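Everything below belongs to my_file19.cif, which stores mmCIF, C-alpha atoms.
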data_entry
#
loop_
_atom_site.label_atom_id
_atom_site.label_comp_id
_atom_site.auth_asym_id
_atom_site.auth_seq_id
_atom_site.Cartn_x
_atom_site.Cartn_y
_atom_site.Cartn_z
CA MET P 29 129.07 68.80 110.34
CA THR P 30 128.51 72.09 108.54
CA GLN P 31 125.62 70.43 106.66
CA ILE P 32 123.87 69.57 109.91
CA VAL P 33 124.37 73.07 111.31
CA ALA P 34 123.05 74.58 108.07
CA SER P 35 120.04 72.23 108.20
CA VAL P 36 119.19 73.23 111.76
CA LEU P 37 119.51 76.94 110.95
CA MET P 38 117.34 76.59 107.84
CA LEU P 39 114.66 74.68 109.74
CA PHE P 40 114.63 77.33 112.47
CA GLY P 41 114.21 80.01 109.84
CA ALA P 42 111.41 78.15 108.08
CA VAL P 43 109.53 77.62 111.37
CA PHE P 44 109.82 81.33 112.17
CA SER P 45 108.60 82.26 108.68
CA LEU P 46 105.62 79.95 109.01
CA LEU P 47 104.79 81.42 112.44
CA GLY P 48 104.94 84.90 110.95
CA ALA P 49 102.52 83.90 108.20
CA VAL P 50 100.13 82.36 110.73
CA GLY P 51 100.34 85.53 112.82
CA MET P 52 99.55 87.55 109.72
CA LEU P 53 96.48 85.38 109.23
CA ARG P 54 95.25 85.34 112.83
CA MET P 55 95.97 88.77 114.30
CA PRO P 56 92.98 91.10 114.71
CA ASP P 57 94.12 94.46 113.32
CA LEU P 58 96.80 96.11 111.21
CA LEU P 59 99.27 97.04 113.95
CA THR P 60 99.40 93.60 115.56
CA ARG P 61 99.57 91.99 112.11
CA LEU P 62 102.44 94.31 111.22
CA GLN P 63 104.30 93.30 114.37
CA ALA P 64 103.93 89.58 113.61
CA ALA P 65 104.96 90.03 109.98
CA THR P 66 107.99 92.23 110.59
CA LYS P 67 109.65 90.52 113.53
CA THR P 68 109.17 86.87 112.66
CA GLY P 69 109.70 87.39 108.94
CA THR P 70 113.00 89.19 109.52
CA LEU P 71 114.24 86.63 112.04
CA GLY P 72 113.18 83.69 109.84
CA VAL P 73 114.93 84.97 106.74
CA GLY P 74 117.93 85.91 108.89
CA PHE P 75 118.23 82.31 110.08
CA VAL P 76 117.87 80.96 106.53
CA MET P 77 120.61 83.31 105.35
CA LEU P 78 122.87 82.22 108.21
CA GLY P 79 122.24 78.65 107.06
CA VAL P 80 123.31 79.63 103.54
CA ALA P 81 126.49 81.23 104.92
CA VAL P 82 127.33 78.09 106.94
CA HIS P 83 126.60 75.76 104.01
CA PHE P 84 128.82 77.46 101.44
CA HIS P 85 131.49 78.77 103.91
CA ASP P 86 133.07 80.85 101.17
CA LEU P 87 134.10 84.44 101.84
CA GLY P 88 132.04 86.04 99.08
CA VAL P 89 128.89 84.08 99.87
CA VAL P 90 129.21 84.72 103.60
CA ALA P 91 129.61 88.44 102.91
CA ASN P 92 126.56 88.48 100.65
CA SER P 93 124.30 86.58 103.01
CA LEU P 94 125.41 88.67 106.00
CA LEU P 95 124.67 91.71 103.83
CA VAL P 96 121.10 90.45 103.36
CA VAL P 97 120.76 89.90 107.12
CA ALA P 98 122.17 93.31 107.99
CA PHE P 99 120.02 95.06 105.41
CA LEU P 100 116.85 93.32 106.59
CA PHE P 101 117.61 94.10 110.22
CA LEU P 102 118.23 97.76 109.34
CA THR P 103 115.29 98.36 107.02
CA ALA P 104 112.47 96.18 108.39
CA PRO P 105 111.87 98.34 111.51
CA ILE P 106 112.03 101.52 109.43
CA ALA P 107 109.56 100.19 106.86
CA ALA P 108 107.22 98.94 109.59
CA HIS P 109 107.31 102.28 111.39
CA VAL P 110 106.66 104.25 108.22
CA ILE P 111 103.76 102.00 107.18
CA ALA P 112 102.24 102.03 110.68
CA ARG P 113 102.43 105.82 110.85
CA ALA P 114 100.89 106.24 107.41
CA ALA P 115 98.15 103.73 108.21
CA TYR P 116 97.32 105.40 111.53
CA PHE P 117 96.46 108.63 109.74
CA VAL P 118 94.53 106.99 106.86
CA PRO P 119 92.90 105.80 109.29
CA VAL P 120 92.62 102.03 109.59
CA PRO P 121 90.24 100.46 112.14
CA LEU P 122 92.06 99.60 115.38
CA TRP P 123 91.44 96.62 117.62
CA LYS P 124 88.42 97.15 119.87
CA HIS P 125 90.25 95.92 123.02
CA MET P 126 93.16 98.33 122.51
CA ALA P 127 94.02 99.76 125.92
CA LEU P 128 96.47 102.60 125.26
CA ASP P 129 96.87 104.94 122.28
CA GLU P 130 99.91 107.10 123.05
CA LEU P 131 100.03 108.78 119.65
CA LYS P 132 96.44 110.01 120.06
CA GLN P 133 97.31 111.33 123.54
CA ALA P 134 100.36 113.15 122.16
CA ILE P 135 98.37 114.68 119.28
CA ASP P 136 95.62 115.80 121.67
CA ALA P 137 98.15 117.32 124.07
CA ARG P 138 99.89 119.19 121.28
CA ALA P 139 96.60 120.47 119.86
CA ALA P 140 95.58 121.67 123.33
CA ASP P 141 98.91 123.46 123.95
CA ALA P 142 99.65 125.06 120.60
CA PRO P 143 97.83 128.05 119.11
CA PRO P 144 95.70 127.11 116.07
CA ASN P 145 97.94 128.49 113.31
CA THR P 146 100.99 126.38 114.30
CA THR P 147 98.98 123.16 114.24
CA LYS P 148 97.78 124.06 110.79
CA ALA P 149 101.29 124.82 109.53
CA GLU P 150 102.73 121.40 110.48
CA GLY P 151 100.42 119.51 108.16
CA GLY P 152 102.86 119.80 105.27
CA THR P 153 102.49 121.87 102.16
CA PRO P 154 98.93 122.86 101.24
CA PRO P 155 97.42 121.27 98.11
CA GLU P 156 97.60 123.17 94.85
CA MET I 18 124.17 60.60 106.58
CA ALA I 19 124.77 64.33 106.74
CA ASP I 20 123.84 64.58 103.08
CA GLN I 21 120.54 62.87 103.76
CA ILE I 22 119.80 65.18 106.69
CA LEU I 23 120.52 68.15 104.44
CA GLN I 24 118.24 66.78 101.70
CA TRP I 25 115.33 66.16 104.06
CA SER I 26 115.67 69.51 105.79
CA LEU I 27 115.83 71.23 102.39
CA ILE I 28 112.53 69.59 101.46
CA ALA I 29 110.94 70.48 104.82
CA THR I 30 112.19 74.07 104.60
CA ALA I 31 110.92 74.49 101.05
CA VAL I 32 107.49 73.11 102.00
CA MET I 33 107.22 75.39 105.04
CA MET I 34 108.31 78.49 103.11
CA THR I 35 105.82 77.67 100.35
CA ILE I 36 102.97 77.27 102.84
CA ALA I 37 103.97 80.55 104.48
CA ILE I 38 104.00 82.39 101.14
CA LEU I 39 100.60 80.91 100.22
CA ILE I 40 99.11 82.00 103.55
CA VAL I 41 100.46 85.52 103.11
CA THR I 42 99.13 85.59 99.53
CA PHE I 43 95.70 84.81 100.96
CA CYS I 44 96.16 87.74 103.38
CA LEU I 45 97.17 89.94 100.44
CA LEU I 46 93.93 89.09 98.65
CA ARG I 47 91.82 89.41 101.80
CA GLY I 48 92.96 92.89 102.79
CA PRO I 49 90.76 94.38 104.18
CA THR I 50 92.48 97.80 103.86
CA LEU I 51 95.28 99.04 101.63
CA PRO I 52 97.96 99.16 104.39
CA ASP I 53 97.20 95.51 105.17
CA ARG I 54 97.97 94.64 101.57
CA VAL I 55 101.20 96.63 101.66
CA VAL I 56 102.32 94.73 104.78
CA ALA I 57 101.42 91.41 103.14
CA LEU I 58 103.38 92.33 100.02
CA ASP I 59 106.38 93.28 102.15
CA LEU I 60 106.27 89.92 103.95
CA ILE I 61 105.92 88.05 100.64
CA GLY I 62 109.07 89.75 99.35
CA THR I 63 111.02 88.98 102.53
CA LEU I 64 109.96 85.32 102.45
CA THR I 65 110.87 85.13 98.77
CA ALA I 66 114.39 86.33 99.60
CA GLY I 67 114.66 83.46 102.09
CA ALA I 68 113.21 80.94 99.63
CA ILE I 69 115.81 81.97 97.04
CA GLY I 70 118.49 81.26 99.66
CA VAL I 71 117.05 77.76 100.13
CA TYR I 72 117.00 77.29 96.35
CA ALA I 73 120.65 78.36 96.16
CA ILE I 74 121.57 75.64 98.66
CA SER I 75 119.51 73.00 96.86
CA GLN I 76 121.14 73.81 93.48
CA ASN I 77 124.58 74.30 95.12
CA GLU I 78 124.87 77.55 93.18
CA PRO I 79 126.00 80.51 95.37
CA VAL I 80 125.37 83.12 92.67
CA TYR I 81 121.63 83.12 93.48
CA ILE I 82 122.33 84.89 96.78
CA LEU I 83 122.75 88.11 94.81
CA VAL I 84 119.05 87.87 93.91
CA SER I 85 118.23 87.90 97.62
CA VAL I 86 120.42 90.97 98.13
CA MET I 87 118.73 92.92 95.36
CA LEU I 88 115.27 91.79 96.45
CA ALA I 89 115.88 93.04 100.00
CA VAL I 90 117.04 96.42 98.67
CA VAL I 91 114.14 96.93 96.23
CA LEU I 92 111.58 95.77 98.79
CA PHE I 93 112.46 98.49 101.27
CA VAL I 94 112.22 101.20 98.63
CA GLY I 95 108.84 99.86 97.50
CA THR I 96 107.38 99.80 101.00
CA VAL I 97 108.57 103.31 101.78
CA ALA I 98 107.14 104.56 98.47
CA PHE I 99 103.76 103.00 99.32
CA ALA I 100 103.82 104.65 102.75
CA TYR I 101 104.78 108.00 101.23
CA TYR I 102 101.86 107.98 98.84
CA LEU I 103 99.49 106.75 101.56
CA GLU I 104 100.37 109.81 103.67
CA LYS I 105 100.36 112.15 100.69
CA GLY I 106 96.96 110.92 99.55
CA LEU I 107 95.40 112.42 102.65
CA GLU I 108 95.68 116.00 101.47
#

Written as structure tokens, how would this file's structure read?
Amino acid sequence: MTQIVASVLMLFGAVFSLLGAVGMLRMPDLLTRLQAATKTGTLGVGFVMLGVAVHFHDLGVVANSLLVVAFLFLTAPIAAHVIARAAYFVPVPLWKHMALDELKQAIDARAADAPPNTTKAEGGTPPE
Amino acid sequence: MADQILQWSLIATAVMMTIAILIVTFCLLRGPTLPDRVVALDLIGTLTAGAIGVYAISQNEPVYILVSVMLAVVLFVGTVAFAYYLEKGLE
């Protein structure tokens, strides 16, 4: 019985991983590609690790595989956010049908409100 | 019966994970920008952690799960380091 449950969980995870890879291939720009990669990749590997935990049903293995799941679920959104923010300011080309750019609106609003020297000071330390 | 189901689903899972990793490797080579490559590398590492879990089941050897744990940890640090130097390179 546990073998069948582990099989189903592994197959779910593999299908999600494959969908994430296809999304990575098909999506038009970096931000949509990042969304496909992060969410489906995390969920796919999470399912595979649950399958591992069900298959071995040993306390140490279950703890380790749940540790992988917890760590992926904690760090994948952080890594995606950091990469997306860095890439936005590089800048990367955005999708031409993009309807709403809230970060650009926020930056414009702050630049319009603040006096010039404060906007200059928030750019980090000046180069040597 | 259950053993056979497990064997076949192990094969199917391994094939699907391999195809996924190959597709993402193509995306890593294609780019077109540096952040795209960083995202592809991140996804390759995550999928590799899952594939090592599948390998651990197929070899019936639970020690391999520790490789997945360490891979997940190192992957996050690597991605954040890439992002840090992408932002720092602007100045």

Take atom CA of I:Pro79 and atom CA of I:Ile38 and report the distance between them in Å, one decimal.
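Separating atom CA of I:Pro79 from atom CA of I:Ile38 is a distance of 22.8 Å.
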
Write out as a PDB file with C-alpha atoms, in the coordinates of the input the residues lying within 12 Å of I:Val80, counting all atoms listed in the file and excluding same-chain residues fewer than 3 positions away.
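Result written to around_38.pdb:
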ATOM      1  CA  VAL P  80     123.310  79.630 103.540  1.00  0.00           C
ATOM      2  CA  PHE P  84     128.820  77.460 101.440  1.00  0.00           C
ATOM      3  CA  ASP P  86     133.070  80.850 101.170  1.00  0.00           C
ATOM      4  CA  GLY P  88     132.040  86.040  99.080  1.00  0.00           C
ATOM      5  CA  VAL P  89     128.890  84.080  99.870  1.00  0.00           C
ATOM      6  CA  VAL P  90     129.210  84.720 103.600  1.00  0.00           C
ATOM      7  CA  ASN P  92     126.560  88.480 100.650  1.00  0.00           C
ATOM      8  CA  SER P  93     124.300  86.580 103.010  1.00  0.00           C
TER       9      SER P  93
ATOM     10  CA  ILE I  69     115.810  81.970  97.040  1.00  0.00           C
ATOM     11  CA  GLY I  70     118.490  81.260  99.660  1.00  0.00           C
ATOM     12  CA  TYR I  72     117.000  77.290  96.350  1.00  0.00           C
ATOM     13  CA  ALA I  73     120.650  78.360  96.160  1.00  0.00           C
ATOM     14  CA  ILE I  74     121.570  75.640  98.660  1.00  0.00           C
ATOM     15  CA  GLN I  76     121.140  73.810  93.480  1.00  0.00           C
ATOM     16  CA  ASN I  77     124.580  74.300  95.120  1.00  0.00           C
ATOM     17  CA  LEU I  83     122.750  88.110  94.810  1.00  0.00           C
ATOM     18  CA  VAL I  84     119.050  87.870  93.910  1.00  0.00           C
ATOM     19  CA  SER I  85     118.230  87.900  97.620  1.00  0.00           C
ATOM     20  CA  VAL I  86     120.420  90.970  98.130  1.00  0.00           C
TER      21      VAL I  86
END

So which residues fall inside 12 Å of (107.5, 101.7, 109.1) if we count all atoms listed in the file? Mind giving them as a VMD selection string?
(chain P and resid 59 62 to 63 65 to 66 102 to 116) or (chain I and resid 52 55 to 56 59 93 to 101)

Give me, as a count of residues only, all polymer residues having an atom no more than 9 Å from I:Leu39, counting only C-alpha atoms and skipping those fewer than 5 positions away in the same chain.
4

Minimum-distance residue to chain I, chosen among P:Val96, P:Ala142, P:Leu71, P:Val82 (using only C-alpha atoms):
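Residue with the minimum atom-to-atom distance to chain I: P:Val96.
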
Return as JSON the centre and edge lengths, in Å with one decimal, of the box along x, y and z that encloses every atom of stretch 19-23 of chain I in the file, padded by 6 Å per side.
{"center_x": 122.3, "center_y": 65.5, "center_z": 104.9, "size_x": 17.0, "size_y": 17.3, "size_z": 15.7}

Can you measure atom CA of P:Gly48 to atom CA of P:Gly69 for me? One decimal in Å is fine.
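So the two atoms, atom CA of P:Gly48 and atom CA of P:Gly69, lie 5.7 Å apart.
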
Given the file shown, determine the residues that the PyMOL selection byres ((chain I and resi 40) around 12) selects; report them as a count of residues only.
30

For P:Ala91, work out the shell of residues within 10 Å, counting only C-alpha atoms and skipping chain neighbours fewer than 6 positions away, then give it as a PyMOL selection string.
chain P and resi 81+85+97

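The smallest atom-to-atom distance between chain I and any of P:Glu130, P:Leu39, P:Phe75, P:His125, using only C-alpha atoms, is found for P:Leu39.
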
Which residues, named as in the file, does the PyMOL selection byres ((chain I and resi 21-28) around 9) pick out? Answer as a list in words.
Gln31, Ile32, Ala34, Ser35, Val36, Met38 and Leu39 of chain P; Met18, Ala19, Asp20, Ala29, Thr30, Ala31, Val32, Met33, Val71, Tyr72, Ile74 and Ser75 of chain I

For chain I, the nearest of the candidates P:Leu128, P:Ala64, P:Leu100, P:Leu87, counting all atoms listed in the file:
P:Leu100

What separation in Å, quoted to one decimal, exists between atom CA of P:Phe99 and atom CA of I:Gly48?
27.3 Å

Give as an NGL selection string the residues that the PyMOL selection byres ((chain P and resi 41) around 6) matches when applied to the coordinates above.
:P and (38-40 or 42-44 or 72-73 or 75-76)

So that I have them on file, write out the residues from the current selection with C-alpha atoms, as a compact mmCIF listing (two decimals), in the coordinates of the input.
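Saved to again-v2.txt:
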# COMPACT_ATOMS: atom_id res chain seq x y z
CA MET P 38 117.34 76.59 107.84
CA LEU P 39 114.66 74.68 109.74
CA PHE P 40 114.63 77.33 112.47
CA ALA P 42 111.41 78.15 108.08
CA VAL P 43 109.53 77.62 111.37
CA PHE P 44 109.82 81.33 112.17
CA GLY P 72 113.18 83.69 109.84
CA VAL P 73 114.93 84.97 106.74
CA PHE P 75 118.23 82.31 110.08
CA VAL P 76 117.87 80.96 106.53
